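J.: One structure is given below, represented as structure tokens, and several questions about it will come after.
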Amino acid sequence: MNGINHLVLAGHDLGAMRRTYEAMGFKISPPGQHPFGTGNTIIQLHGNYLELLAVTVPEAIVEHRPGVFSFSAFNRDYLSRHEGFSMVVLDSRNAGADRKNWAARGLPQYEAFEFSRPAKLASGEDVTVGFSLAFTSNSAAPWLGLFACQHYNASFYQQPENQEHSNGARTVSEVWVSGEGALGLRDYFEIVTGTHGTHPGDGRVVFSTATGDIVLSSAEAFRAAFGHPPSNMQDGPHLAGYTIAVSNLDALRHIDGTRVGEKLVVDPSHTFGTCLAFAEQR
């Protein structure tokens with residue numbers, strides 16, 4: 001089973017994103033720079049994390065080529081349309097095996113991709129983090145980015161000093177995919193996650209992974225859960241929102257949000273085009 005490893009949240013101004021998430025009570029790591037033109041900031045949670053991302057060196061963007069999926073070109077092109085939740089990244093113990101398995105199941109196949117970059121520990125010590133990535137895609141959801149990530153220094157993303165957030169954030173508990181055709185992605189997500197979806201009968205299909213649920217939903221079901229319509233209906237099935245489990249919603253009194261059922265939802269206009277919800281961890 002491939003659980004949720006991290007979310008890629010794309011915006012035009014990485015500094016503005018850092019300030020916004022820090023003001024919401026997240027502890028943010030120092031900014032990092034990829035060798036292929038994108039810069040990021042990591043928010044470490046328990047079992048998964050958030051990646052705030054922007055194009056920082058446009059001239060270094062690597063273009064797509066036949067058989068090659070470019071992370072940086074995808075996010076640049078995504079940002080030419082709008083800001084938002086561009087990619088969901090699945091956890092992988094063996095990215096090469098995932099790539100072969102997905103291809104054997106009929107999914108588009110792309111070259112394996114490996115890279116490393118410098119980073120800093122919470123102590124200030126310089127380290128190198130490395131990754132092996134397996135990309136795939138679905139022509140029915142061209143703006144829903146998805147890949148599997150195998151970390152070679154996974155402990156870097158689980159530093160206790162960086163997991164203590166003043167808002168009580170614990171983990172990504174839900175990722176929501178919505179828009180016209182979202183429910184039709186059930187077979188695709190069964191392949192990429194390695195688990196079967198359940199259908200509660202209310203416009204949702206839910207994939208319960210080891211590190212959070214992936215929810216395919218109708219637009220109506222999404223609005224019922226978040227109090228807002230999916231942000232980018234023009235994209236077709238897309239990553240429309242996510243939920244962070246927190247220890248206590250009382251710690252979020254400083255956040256300008258709206259209660260929707262058991263969730264506290266931040267207006268997507270305040271979070272760079274993505275519905276962000278907080279819910280108490282059960």
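Residues in the structure tokens are named by chain (A, B, ... in the order shown) and by number from 1 within that chain; ligands are numbered from 1 in the order shown.
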Any chance you could list, as a list in words, the residues in range 53-191 of chain A that come up alpha helix (DSSP H) when DSSP is run on the backbone?
T.: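 Checking each residue of range 53-191 of chain A, the alpha helix (DSSP H) ones are Phe71, Ser72, Ala73, Phe74, Asn75, Arg76, Asp77, Tyr78, Leu79, Ser80, Arg81, Ala95, Gly96, Ala97, Asp98, Arg99, Lys100, Asn101, Trp102, Ala103, Ala104, Arg186, Asp187, Tyr188, Phe189, Glu190 and Ile191 of chain A.
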J.: Could you dump the residues just selected with N, CA and C atoms as a PDB file, in the first residue's frame?
T.:
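part_15.pdb was written with the following content:
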ATOM      1  N   PHE A  71       8.764  17.300 -13.128  1.00  0.00           N
ATOM      2  CA  PHE A  71       8.117  17.883 -11.952  1.00  0.00           C
ATOM      3  C   PHE A  71       8.062  19.401 -12.068  1.00  0.00           C
ATOM      4  N   SER A  72       9.179  20.007 -12.445  1.00  0.00           N
ATOM      5  CA  SER A  72       9.221  21.474 -12.462  1.00  0.00           C
ATOM      6  C   SER A  72       8.380  22.055 -13.588  1.00  0.00           C
ATOM      7  N   ALA A  73       8.371  21.421 -14.759  1.00  0.00           N
ATOM      8  CA  ALA A  73       7.540  21.925 -15.858  1.00  0.00           C
ATOM      9  C   ALA A  73       6.060  21.770 -15.537  1.00  0.00           C
ATOM     10  N   PHE A  74       5.697  20.660 -14.899  1.00  0.00           N
ATOM     11  CA  PHE A  74       4.302  20.472 -14.523  1.00  0.00           C
ATOM     12  C   PHE A  74       3.847  21.590 -13.594  1.00  0.00           C
ATOM     13  N   ASN A  75       4.646  21.893 -12.573  1.00  0.00           N
ATOM     14  CA  ASN A  75       4.241  22.927 -11.622  1.00  0.00           C
ATOM     15  C   ASN A  75       4.289  24.325 -12.238  1.00  0.00           C
ATOM     16  N   ARG A  76       5.238  24.588 -13.112  1.00  0.00           N
ATOM     17  CA  ARG A  76       5.237  25.874 -13.818  1.00  0.00           C
ATOM     18  C   ARG A  76       3.960  26.034 -14.636  1.00  0.00           C
ATOM     19  N   ASP A  77       3.584  24.980 -15.380  1.00  0.00           N
ATOM     20  CA  ASP A  77       2.392  25.063 -16.225  1.00  0.00           C
ATOM     21  C   ASP A  77       1.124  25.141 -15.369  1.00  0.00           C
ATOM     22  N   TYR A  78       1.121  24.412 -14.259  1.00  0.00           N
ATOM     23  CA  TYR A  78      -0.006  24.496 -13.329  1.00  0.00           C
ATOM     24  C   TYR A  78      -0.166  25.935 -12.839  1.00  0.00           C
ATOM     25  N   LEU A  79       0.935  26.557 -12.448  1.00  0.00           N
ATOM     26  CA  LEU A  79       0.880  27.919 -11.925  1.00  0.00           C
ATOM     27  C   LEU A  79       0.545  28.943 -12.995  1.00  0.00           C
ATOM     28  N   SER A  80       0.727  28.611 -14.255  1.00  0.00           N
ATOM     29  CA  SER A  80       0.300  29.520 -15.320  1.00  0.00           C
ATOM     30  C   SER A  80      -1.219  29.573 -15.408  1.00  0.00           C
ATOM     31  N   ARG A  81      -1.893  28.577 -14.819  1.00  0.00           N
ATOM     32  CA  ARG A  81      -3.353  28.538 -14.778  1.00  0.00           C
ATOM     33  C   ARG A  81      -3.880  29.172 -13.489  1.00  0.00           C
ATOM     34  N   ALA A  95      10.660   2.823  -5.363  1.00  0.00           N
ATOM     35  CA  ALA A  95      10.051   3.561  -6.474  1.00  0.00           C
ATOM     36  C   ALA A  95      10.188   2.807  -7.791  1.00  0.00           C
ATOM     37  N   GLY A  96      11.288   2.089  -7.968  1.00  0.00           N
ATOM     38  CA  GLY A  96      11.453   1.310  -9.190  1.00  0.00           C
ATOM     39  C   GLY A  96      10.401   0.231  -9.319  1.00  0.00           C
ATOM     40  N   ALA A  97      10.096  -0.440  -8.214  1.00  0.00           N
ATOM     41  CA  ALA A  97       9.071  -1.484  -8.235  1.00  0.00           C
ATOM     42  C   ALA A  97       7.695  -0.882  -8.481  1.00  0.00           C
ATOM     43  N   ASP A  98       7.412   0.287  -7.885  1.00  0.00           N
ATOM     44  CA  ASP A  98       6.129   0.942  -8.136  1.00  0.00           C
ATOM     45  C   ASP A  98       5.992   1.288  -9.613  1.00  0.00           C
ATOM     46  N   ARG A  99       7.061   1.825 -10.187  1.00  0.00           N
ATOM     47  CA  ARG A  99       7.038   2.210 -11.597  1.00  0.00           C
ATOM     48  C   ARG A  99       6.732   1.001 -12.487  1.00  0.00           C
ATOM     49  N   LYS A 100       7.379  -0.122 -12.212  1.00  0.00           N
ATOM     50  CA  LYS A 100       7.152  -1.331 -13.007  1.00  0.00           C
ATOM     51  C   LYS A 100       5.735  -1.866 -12.799  1.00  0.00           C
ATOM     52  N   ASN A 101       5.270  -1.834 -11.550  1.00  0.00           N
ATOM     53  CA  ASN A 101       3.928  -2.330 -11.255  1.00  0.00           C
ATOM     54  C   ASN A 101       2.872  -1.484 -11.951  1.00  0.00           C
ATOM     55  N   TRP A 102       3.018  -0.160 -11.893  1.00  0.00           N
ATOM     56  CA  TRP A 102       2.050   0.718 -12.542  1.00  0.00           C
ATOM     57  C   TRP A 102       2.031   0.494 -14.052  1.00  0.00           C
ATOM     58  N   ALA A 103       3.217   0.334 -14.641  1.00  0.00           N
ATOM     59  CA  ALA A 103       3.280   0.095 -16.085  1.00  0.00           C
ATOM     60  C   ALA A 103       2.618  -1.235 -16.449  1.00  0.00           C
ATOM     61  N   ALA A 104       2.837  -2.257 -15.615  1.00  0.00           N
ATOM     62  CA  ALA A 104       2.230  -3.566 -15.865  1.00  0.00           C
ATOM     63  C   ALA A 104       0.718  -3.509 -15.761  1.00  0.00           C
ATOM     64  N   ARG A 186     -11.720   5.950  -9.789  1.00  0.00           N
ATOM     65  CA  ARG A 186     -11.613   4.893  -8.761  1.00  0.00           C
ATOM     66  C   ARG A 186     -10.599   3.822  -9.147  1.00  0.00           C
ATOM     67  N   ASP A 187     -10.660   3.308 -10.362  1.00  0.00           N
ATOM     68  CA  ASP A 187      -9.726   2.254 -10.761  1.00  0.00           C
ATOM     69  C   ASP A 187      -8.285   2.758 -10.729  1.00  0.00           C
ATOM     70  N   TYR A 188      -8.079   3.984 -11.178  1.00  0.00           N
ATOM     71  CA  TYR A 188      -6.741   4.576 -11.183  1.00  0.00           C
ATOM     72  C   TYR A 188      -6.173   4.638  -9.771  1.00  0.00           C
ATOM     73  N   PHE A 189      -6.959   5.118  -8.818  1.00  0.00           N
ATOM     74  CA  PHE A 189      -6.459   5.233  -7.453  1.00  0.00           C
ATOM     75  C   PHE A 189      -6.319   3.880  -6.779  1.00  0.00           C
ATOM     76  N   GLU A 190      -7.097   2.899  -7.195  1.00  0.00           N
ATOM     77  CA  GLU A 190      -6.887   1.558  -6.645  1.00  0.00           C
ATOM     78  C   GLU A 190      -5.515   1.033  -7.067  1.00  0.00           C
ATOM     79  N   ILE A 191      -5.107   1.344  -8.306  1.00  0.00           N
ATOM     80  CA  ILE A 191      -3.793   0.893  -8.769  1.00  0.00           C
ATOM     81  C   ILE A 191      -2.680   1.647  -8.054  1.00  0.00           C
TER      82      ILE A 191
END
J.: Please build the interface table for range 141-191 of chain A against range 207-216 of chain A with a cut-off of 9 Å, listing for each qualifying residue the nearest atom pair and the distance in Å to one decimal; count only C-alpha atoms, order rows by chain and increasing number, and write it as CSV.
T.:
residue,atom,partner,partner_atom,distance
A:Thr171,CA,A:Gly212,CA,8.1
A:Val172,CA,A:Gly212,CA,6.2
A:Ser173,CA,A:Gly212,CA,4.4
A:Glu174,CA,A:Asp213,CA,4.7
A:Val175,CA,A:Ile214,CA,4.8
A:Trp176,CA,A:Val215,CA,4.7
A:Val177,CA,A:Leu216,CA,4.8
A:Ser178,CA,A:Leu216,CA,6.0
A:Ala182,CA,A:Leu216,CA,5.8
A:Leu183,CA,A:Leu216,CA,5.6
A:Gly184,CA,A:Leu216,CA,8.6
A:Leu185,CA,A:Leu216,CA,7.6
A:Arg186,CA,A:Leu216,CA,7.6
A:Phe189,CA,A:Phe207,CA,7.9
A:Glu190,CA,A:Phe207,CA,7.9
J.: For range 94-199 of chain A versus range 234-238 of chain A, which residues have an atom no more than 8 Å away, and what is each residue's nearest atom pair and distance in Å rounded to one decimal, using only C-alpha atoms, chain-then-number order, as JSON lines?
T.:
{"residue": "A:Ala140", "atom": "CA", "partner": "A:Pro237", "partner_atom": "CA", "distance": 7.6}
{"residue": "A:Ala141", "atom": "CA", "partner": "A:Pro237", "partner_atom": "CA", "distance": 5.3}
{"residue": "A:Pro142", "atom": "CA", "partner": "A:Asp235", "partner_atom": "CA", "distance": 7.7}
{"residue": "A:Trp143", "atom": "CA", "partner": "A:Asp235", "partner_atom": "CA", "distance": 6.1}
{"residue": "A:Leu144", "atom": "CA", "partner": "A:His238", "partner_atom": "CA", "distance": 5.1}
{"residue": "A:Val177", "atom": "CA", "partner": "A:His238", "partner_atom": "CA", "distance": 5.4}
{"residue": "A:Ser178", "atom": "CA", "partner": "A:Pro237", "partner_atom": "CA", "distance": 5.3}
{"residue": "A:Gly179", "atom": "CA", "partner": "A:Pro237", "partner_atom": "CA", "distance": 4.5}
{"residue": "A:Glu180", "atom": "CA", "partner": "A:Gly236", "partner_atom": "CA", "distance": 5.2}
{"residue": "A:Gly181", "atom": "CA", "partner": "A:Pro237", "partner_atom": "CA", "distance": 5.7}
{"residue": "A:Ala182", "atom": "CA", "partner": "A:Pro237", "partner_atom": "CA", "distance": 4.7}
J.: Apply DSSP to the structure's backbone, then extract all residues of range 176-219 of chain A labelled strand (DSSP E or B) and return them as a short mmCIF file (atom, residue, chain, number, x, y, z; two decimals) with all heavy atoms, in the first residue's frame.
T.:
data_model
loop_
_atom_site.label_atom_id
_atom_site.label_comp_id
_atom_site.auth_asym_id
_atom_site.auth_seq_id
_atom_site.Cartn_x
_atom_site.Cartn_y
_atom_site.Cartn_z
N TRP A 176 -8.68 15.44 -0.74
CA TRP A 176 -9.92 15.39 -1.51
C TRP A 176 -9.67 15.72 -2.98
O TRP A 176 -9.07 16.75 -3.30
CB TRP A 176 -10.94 16.37 -0.94
CG TRP A 176 -11.58 15.89 0.34
CD1 TRP A 176 -10.97 15.70 1.54
CD2 TRP A 176 -12.96 15.55 0.54
NE1 TRP A 176 -11.88 15.27 2.48
CE2 TRP A 176 -13.11 15.17 1.90
CE3 TRP A 176 -14.08 15.55 -0.30
CZ2 TRP A 176 -14.33 14.78 2.43
CZ3 TRP A 176 -15.30 15.16 0.24
CH2 TRP A 176 -15.43 14.77 1.58
N VAL A 177 -10.16 14.83 -3.84
CA VAL A 177 -10.15 15.03 -5.29
C VAL A 177 -11.58 15.25 -5.73
O VAL A 177 -12.47 14.44 -5.42
CB VAL A 177 -9.57 13.79 -6.01
CG1 VAL A 177 -9.64 13.96 -7.52
CG2 VAL A 177 -8.13 13.53 -5.56
N SER A 178 -11.84 16.35 -6.43
CA SER A 178 -13.20 16.63 -6.86
C SER A 178 -13.18 17.24 -8.26
O SER A 178 -12.13 17.33 -8.90
CB SER A 178 -13.91 17.57 -5.86
OG SER A 178 -15.31 17.59 -6.10
N THR A 198 -13.74 2.37 -0.78
CA THR A 198 -15.09 2.08 -0.28
C THR A 198 -16.02 3.19 -0.72
O THR A 198 -15.61 4.34 -0.88
CB THR A 198 -15.10 1.97 1.26
OG1 THR A 198 -14.66 3.22 1.83
CG2 THR A 198 -14.17 0.87 1.71
N ARG A 204 -19.04 9.93 -2.60
CA ARG A 204 -17.62 9.80 -2.27
C ARG A 204 -17.15 8.37 -2.50
O ARG A 204 -17.92 7.42 -2.37
CB ARG A 204 -17.36 10.15 -0.80
CG ARG A 204 -17.64 11.57 -0.39
CD ARG A 204 -17.32 11.77 1.09
NE ARG A 204 -18.14 10.90 1.94
CZ ARG A 204 -17.67 10.24 3.01
NH1 ARG A 204 -16.40 10.32 3.35
NH2 ARG A 204 -18.50 9.48 3.73
N VAL A 205 -15.88 8.25 -2.85
CA VAL A 205 -15.16 6.98 -2.79
C VAL A 205 -13.94 7.24 -1.93
O VAL A 205 -13.19 8.20 -2.17
CB VAL A 205 -14.74 6.48 -4.18
CG1 VAL A 205 -13.90 5.21 -4.04
CG2 VAL A 205 -15.95 6.22 -5.05
N VAL A 206 -13.71 6.42 -0.91
CA VAL A 206 -12.67 6.68 0.09
C VAL A 206 -11.62 5.57 0.05
O VAL A 206 -11.95 4.39 0.14
CB VAL A 206 -13.27 6.78 1.51
CG1 VAL A 206 -12.17 7.07 2.53
CG2 VAL A 206 -14.35 7.85 1.56
N PHE A 207 -10.36 5.98 -0.08
CA PHE A 207 -9.22 5.06 -0.02
C PHE A 207 -8.51 5.32 1.31
O PHE A 207 -7.90 6.38 1.50
CB PHE A 207 -8.27 5.30 -1.19
CG PHE A 207 -8.89 5.02 -2.53
CD1 PHE A 207 -9.62 6.00 -3.19
CD2 PHE A 207 -8.77 3.77 -3.11
CE1 PHE A 207 -10.21 5.74 -4.41
CE2 PHE A 207 -9.36 3.50 -4.34
CZ PHE A 207 -10.10 4.49 -4.99
N SER A 208 -8.58 4.37 2.21
CA SER A 208 -7.96 4.52 3.51
C SER A 208 -6.55 3.94 3.45
O SER A 208 -6.37 2.72 3.39
CB SER A 208 -8.79 3.81 4.59
OG SER A 208 -10.05 4.44 4.72
N THR A 209 -5.55 4.81 3.46
CA THR A 209 -4.17 4.37 3.42
C THR A 209 -3.59 4.40 4.84
O THR A 209 -4.24 4.83 5.79
CB THR A 209 -3.32 5.28 2.51
OG1 THR A 209 -2.93 6.46 3.21
CG2 THR A 209 -4.08 5.67 1.23
N GLY A 212 -3.46 8.38 6.00
CA GLY A 212 -4.52 9.31 5.64
C GLY A 212 -5.42 8.77 4.54
O GLY A 212 -5.07 7.83 3.83
N ASP A 213 -6.60 9.38 4.43
CA ASP A 213 -7.58 8.97 3.43
C ASP A 213 -7.47 9.83 2.18
O ASP A 213 -7.26 11.04 2.25
CB ASP A 213 -9.00 9.12 3.98
CG ASP A 213 -9.32 8.16 5.10
OD1 ASP A 213 -8.55 7.17 5.28
OD2 ASP A 213 -10.31 8.38 5.80
N ILE A 214 -7.65 9.19 1.02
CA ILE A 214 -7.81 9.90 -0.24
C ILE A 214 -9.27 9.76 -0.64
O ILE A 214 -9.78 8.64 -0.74
CB ILE A 214 -6.89 9.35 -1.33
CG1 ILE A 214 -5.41 9.56 -0.92
CG2 ILE A 214 -7.16 10.02 -2.67
CD1 ILE A 214 -4.41 8.96 -1.88
N VAL A 215 -9.94 10.89 -0.83
CA VAL A 215 -11.38 10.90 -1.06
C VAL A 215 -11.67 11.43 -2.46
O VAL A 215 -11.28 12.56 -2.80
CB VAL A 215 -12.10 11.79 -0.02
CG1 VAL A 215 -13.61 11.74 -0.23
CG2 VAL A 215 -11.73 11.38 1.40
N LEU A 216 -12.31 10.62 -3.28
CA LEU A 216 -12.84 11.09 -4.57
C LEU A 216 -14.27 11.53 -4.31
O LEU A 216 -15.04 10.80 -3.69
CB LEU A 216 -12.82 9.98 -5.61
CG LEU A 216 -11.51 9.19 -5.79
CD1 LEU A 216 -11.67 8.15 -6.89
CD2 LEU A 216 -10.35 10.12 -6.08
N SER A 217 -14.64 12.71 -4.80
CA SER A 217 -15.96 13.21 -4.43
C SER A 217 -16.62 13.98 -5.56
O SER A 217 -15.96 14.58 -6.42
CB SER A 217 -15.86 14.13 -3.20
OG SER A 217 -15.36 15.40 -3.55
#
J.: Under the rule of at most 7 Å, produce a per-residue listing of range 72-148 of chain A near range 6-18 of chain A: chain, number, name, the closest pair of atoms, and the distance in Å, as JSON lines, using only C-alpha atoms.
T.:
{"residue": "A:Leu79", "atom": "CA", "partner": "A:Gly11", "partner_atom": "CA", "distance": 6.9}
{"residue": "A:Glu83", "atom": "CA", "partner": "A:Gly11", "partner_atom": "CA", "distance": 4.9}
{"residue": "A:Gly84", "atom": "CA", "partner": "A:Ala10", "partner_atom": "CA", "distance": 5.4}
{"residue": "A:Phe85", "atom": "CA", "partner": "A:Leu9", "partner_atom": "CA", "distance": 4.5}
{"residue": "A:Ser86", "atom": "CA", "partner": "A:Val8", "partner_atom": "CA", "distance": 5.8}
{"residue": "A:Met87", "atom": "CA", "partner": "A:Val8", "partner_atom": "CA", "distance": 5.0}
{"residue": "A:Val88", "atom": "CA", "partner": "A:Leu7", "partner_atom": "CA", "distance": 4.8}
{"residue": "A:Val89", "atom": "CA", "partner": "A:His6", "partner_atom": "CA", "distance": 5.2}
{"residue": "A:Leu90", "atom": "CA", "partner": "A:His6", "partner_atom": "CA", "distance": 6.9}
J.: Output the selection as an mmCIF file, in the first residue's frame - all heavy atoms for each residue.
T.:
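Dumped to result.cif:
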data_model
loop_
_atom_site.group_PDB
_atom_site.id
_atom_site.type_symbol
_atom_site.label_atom_id
_atom_site.label_comp_id
_atom_site.auth_asym_id
_atom_site.auth_seq_id
_atom_site.Cartn_x
_atom_site.Cartn_y
_atom_site.Cartn_z
ATOM 1 N N LEU A 79 0.935 26.557 -12.448
ATOM 2 C CA LEU A 79 0.880 27.919 -11.925
ATOM 3 C C LEU A 79 0.545 28.943 -12.995
ATOM 4 O O LEU A 79 0.110 30.054 -12.680
ATOM 5 C CB LEU A 79 2.205 28.271 -11.242
ATOM 6 C CG LEU A 79 2.397 27.668 -9.849
ATOM 7 C CD1 LEU A 79 3.841 27.798 -9.388
ATOM 8 C CD2 LEU A 79 1.445 28.334 -8.857
ATOM 9 N N GLU A 83 -2.914 29.210 -8.759
ATOM 10 C CA GLU A 83 -2.249 28.602 -7.624
ATOM 11 C C GLU A 83 -3.122 27.456 -7.106
ATOM 12 O O GLU A 83 -4.294 27.350 -7.449
ATOM 13 C CB GLU A 83 -2.037 29.644 -6.521
ATOM 14 C CG GLU A 83 -1.135 30.794 -6.936
ATOM 15 C CD GLU A 83 -0.977 31.832 -5.844
ATOM 16 O OE1 GLU A 83 -2.015 32.398 -5.426
ATOM 17 O OE2 GLU A 83 0.166 32.084 -5.413
ATOM 18 N N GLY A 84 -2.549 26.605 -6.250
ATOM 19 C CA GLY A 84 -3.380 25.560 -5.662
ATOM 20 C C GLY A 84 -2.599 24.319 -5.270
ATOM 21 O O GLY A 84 -1.370 24.317 -5.160
ATOM 22 N N PHE A 85 -3.339 23.263 -5.061
ATOM 23 C CA PHE A 85 -2.853 21.949 -4.612
ATOM 24 C C PHE A 85 -2.518 21.173 -5.880
ATOM 25 O O PHE A 85 -3.375 20.580 -6.509
ATOM 26 C CB PHE A 85 -3.969 21.311 -3.799
ATOM 27 C CG PHE A 85 -3.700 19.959 -3.191
ATOM 28 C CD1 PHE A 85 -2.499 19.294 -3.343
ATOM 29 C CD2 PHE A 85 -4.688 19.353 -2.417
ATOM 30 C CE1 PHE A 85 -2.282 18.056 -2.781
ATOM 31 C CE2 PHE A 85 -4.488 18.113 -1.848
ATOM 32 C CZ PHE A 85 -3.286 17.465 -2.033
ATOM 33 N N SER A 86 -1.241 21.186 -6.269
ATOM 34 C CA SER A 86 -0.891 20.685 -7.597
ATOM 35 C C SER A 86 -0.639 19.185 -7.648
ATOM 36 O O SER A 86 -0.905 18.556 -8.678
ATOM 37 C CB SER A 86 0.337 21.427 -8.136
ATOM 38 O OG SER A 86 1.473 21.208 -7.314
ATOM 39 N N MET A 87 -0.086 18.598 -6.567
ATOM 40 C CA MET A 87 0.321 17.201 -6.639
ATOM 41 C C MET A 87 0.123 16.511 -5.291
ATOM 42 O O MET A 87 0.339 17.114 -4.237
ATOM 43 C CB MET A 87 1.804 17.079 -7.048
ATOM 44 C CG MET A 87 2.178 17.862 -8.283
ATOM 45 S SD MET A 87 3.909 17.604 -8.826
ATOM 46 C CE MET A 87 3.690 16.164 -9.884
ATOM 47 N N VAL A 88 -0.267 15.242 -5.354
ATOM 48 C CA VAL A 88 -0.259 14.392 -4.171
ATOM 49 C C VAL A 88 0.848 13.366 -4.384
ATOM 50 O O VAL A 88 0.982 12.778 -5.462
ATOM 51 C CB VAL A 88 -1.629 13.709 -3.935
ATOM 52 C CG1 VAL A 88 -2.055 12.832 -5.110
ATOM 53 C CG2 VAL A 88 -1.608 12.901 -2.643
ATOM 54 N N VAL A 89 1.653 13.176 -3.356
ATOM 55 C CA VAL A 89 2.819 12.306 -3.447
ATOM 56 C C VAL A 89 2.618 11.116 -2.527
ATOM 57 O O VAL A 89 2.304 11.273 -1.343
ATOM 58 C CB VAL A 89 4.101 13.076 -3.063
ATOM 59 C CG1 VAL A 89 5.332 12.200 -3.301
ATOM 60 C CG2 VAL A 89 4.194 14.381 -3.855
ATOM 61 N N LEU A 90 2.780 9.931 -3.079
ATOM 62 C CA LEU A 90 2.573 8.707 -2.328
ATOM 63 C C LEU A 90 3.898 8.184 -1.792
ATOM 64 O O LEU A 90 4.954 8.372 -2.408
ATOM 65 C CB LEU A 90 1.904 7.651 -3.212
ATOM 66 C CG LEU A 90 0.576 8.082 -3.842
ATOM 67 C CD1 LEU A 90 0.053 6.993 -4.777
ATOM 68 C CD2 LEU A 90 -0.452 8.397 -2.768
#
J.: Choose the residue, out of A:Tyr110, A:Gly273, A:Ile255, A:Phe36, that has the smallest atom-to-atom separation from Met233 in chain A; count only C-alpha atoms.
T.: A:Gly273
J.: Which residues come within 10 Å of Arg253 in chain A, counting only C-alpha atoms, excluding same-chain residues fewer than 5 positions away, as a list in words?
T.: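 Residues near the query, excluding close chain neighbours: Met24, Asn167 and Leu264 of chain A.
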J.: Give me the residues near Glu280 in chain A as a list in words, where near means some atom within 8 Å (using only C-alpha atoms) and where sequence neighbours in that chain fewer than 2 positions away do not count.
T.: Ala245, Val246, Ser247, Asn248, Leu249, Glu262, Lys263, Phe278 and Arg282 of chain A
J.: Keeping only all heavy atoms, write those residues as a JSON list (two decimals), in the first residue's frame.
T.:
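In the end it all went to again25.json:
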[["chain", "number", "residue", "atom", "x", "y", "z"],
["A", 245, "ALA", "N", -5.32, 16.92, 10.72],
["A", 245, "ALA", "CA", -5.77, 16.51, 12.04],
["A", 245, "ALA", "C", -4.99, 17.29, 13.09],
["A", 245, "ALA", "O", -3.76, 17.41, 13.02],
["A", 245, "ALA", "CB", -5.56, 15.01, 12.24],
["A", 246, "VAL", "N", -5.72, 17.85, 14.07],
["A", 246, "VAL", "CA", -5.10, 18.62, 15.15],
["A", 246, "VAL", "C", -5.50, 18.01, 16.48],
["A", 246, "VAL", "O", -6.49, 17.29, 16.58],
["A", 246, "VAL", "CB", -5.50, 20.11, 15.08],
["A", 246, "VAL", "CG1", -5.02, 20.76, 13.80],
["A", 246, "VAL", "CG2", -7.01, 20.28, 15.23],
["A", 247, "SER", "N", -4.72, 18.33, 17.50],
["A", 247, "SER", "CA", -5.01, 17.78, 18.82],
["A", 247, "SER", "C", -6.24, 18.43, 19.45],
["A", 247, "SER", "O", -6.99, 17.78, 20.18],
["A", 247, "SER", "CB", -3.79, 17.92, 19.73],
["A", 247, "SER", "OG", -3.32, 19.26, 19.72],
["A", 248, "ASN", "N", -6.46, 19.72, 19.15],
["A", 248, "ASN", "CA", -7.58, 20.43, 19.76],
["A", 248, "ASN", "C", -7.91, 21.66, 18.92],
["A", 248, "ASN", "O", -7.04, 22.51, 18.70],
["A", 248, "ASN", "CB", -7.22, 20.85, 21.19],
["A", 248, "ASN", "CG", -8.42, 21.34, 21.98],
["A", 248, "ASN", "OD1", -9.36, 21.90, 21.43],
["A", 248, "ASN", "ND2", -8.39, 21.11, 23.29],
["A", 249, "LEU", "N", -9.13, 21.78, 18.47],
["A", 249, "LEU", "CA", -9.52, 22.94, 17.65],
["A", 249, "LEU", "C", -9.45, 24.24, 18.43],
["A", 249, "LEU", "O", -9.37, 25.32, 17.83],
["A", 249, "LEU", "CB", -10.93, 22.75, 17.10],
["A", 249, "LEU", "CG", -11.09, 21.81, 15.90],
["A", 249, "LEU", "CD1", -12.56, 21.70, 15.50],
["A", 249, "LEU", "CD2", -10.27, 22.30, 14.71],
["A", 262, "GLU", "N", -17.72, 19.16, 11.72],
["A", 262, "GLU", "CA", -16.65, 19.01, 12.70],
["A", 262, "GLU", "C", -15.35, 19.66, 12.24],
["A", 262, "GLU", "O", -14.33, 19.55, 12.92],
["A", 262, "GLU", "CB", -16.41, 17.52, 12.98],
["A", 262, "GLU", "CG", -17.62, 16.82, 13.60],
["A", 262, "GLU", "CD", -17.35, 15.37, 13.89],
["A", 262, "GLU", "OE1", -16.30, 14.85, 13.44],
["A", 262, "GLU", "OE2", -18.18, 14.75, 14.58],
["A", 263, "LYS", "N", -15.37, 20.33, 11.10],
["A", 263, "LYS", "CA", -14.16, 20.93, 10.55],
["A", 263, "LYS", "C", -14.15, 22.44, 10.75],
["A", 263, "LYS", "O", -15.21, 23.09, 10.77],
["A", 263, "LYS", "CB", -14.06, 20.66, 9.04],
["A", 263, "LYS", "CG", -13.79, 19.22, 8.61],
["A", 263, "LYS", "CD", -13.64, 19.17, 7.10],
["A", 263, "LYS", "CE", -13.07, 17.84, 6.62],
["A", 263, "LYS", "NZ", -14.08, 16.79, 6.65],
["A", 278, "PHE", "N", -9.25, 21.94, 9.24],
["A", 278, "PHE", "CA", -8.67, 21.34, 10.44],
["A", 278, "PHE", "C", -9.77, 20.54, 11.13],
["A", 278, "PHE", "O", -10.93, 20.98, 11.20],
["A", 278, "PHE", "CB", -8.16, 22.42, 11.39],
["A", 278, "PHE", "CG", -7.04, 23.25, 10.84],
["A", 278, "PHE", "CD1", -7.30, 24.45, 10.19],
["A", 278, "PHE", "CD2", -5.72, 22.84, 10.98],
["A", 278, "PHE", "CE1", -6.28, 25.24, 9.69],
["A", 278, "PHE", "CE2", -4.68, 23.62, 10.49],
["A", 278, "PHE", "CZ", -4.95, 24.82, 9.84],
["A", 282, "ARG", "N", -9.03, 11.82, 15.92],
["A", 282, "ARG", "CA", -9.80, 10.83, 16.67],
["A", 282, "ARG", "C", -8.92, 9.66, 17.05],
["A", 282, "ARG", "O", -7.96, 9.35, 16.39],
["A", 282, "ARG", "CB", -10.97, 10.34, 15.81],
["A", 282, "ARG", "CG", -11.98, 11.44, 15.51],
["A", 282, "ARG", "CD", -13.11, 10.92, 14.65],
["A", 282, "ARG", "NE", -14.11, 11.93, 14.39],
["A", 282, "ARG", "CZ", -15.19, 11.74, 13.63],
["A", 282, "ARG", "NH1", -15.39, 10.57, 13.05],
["A", 282, "ARG", "NH2", -16.06, 12.70, 13.44]]
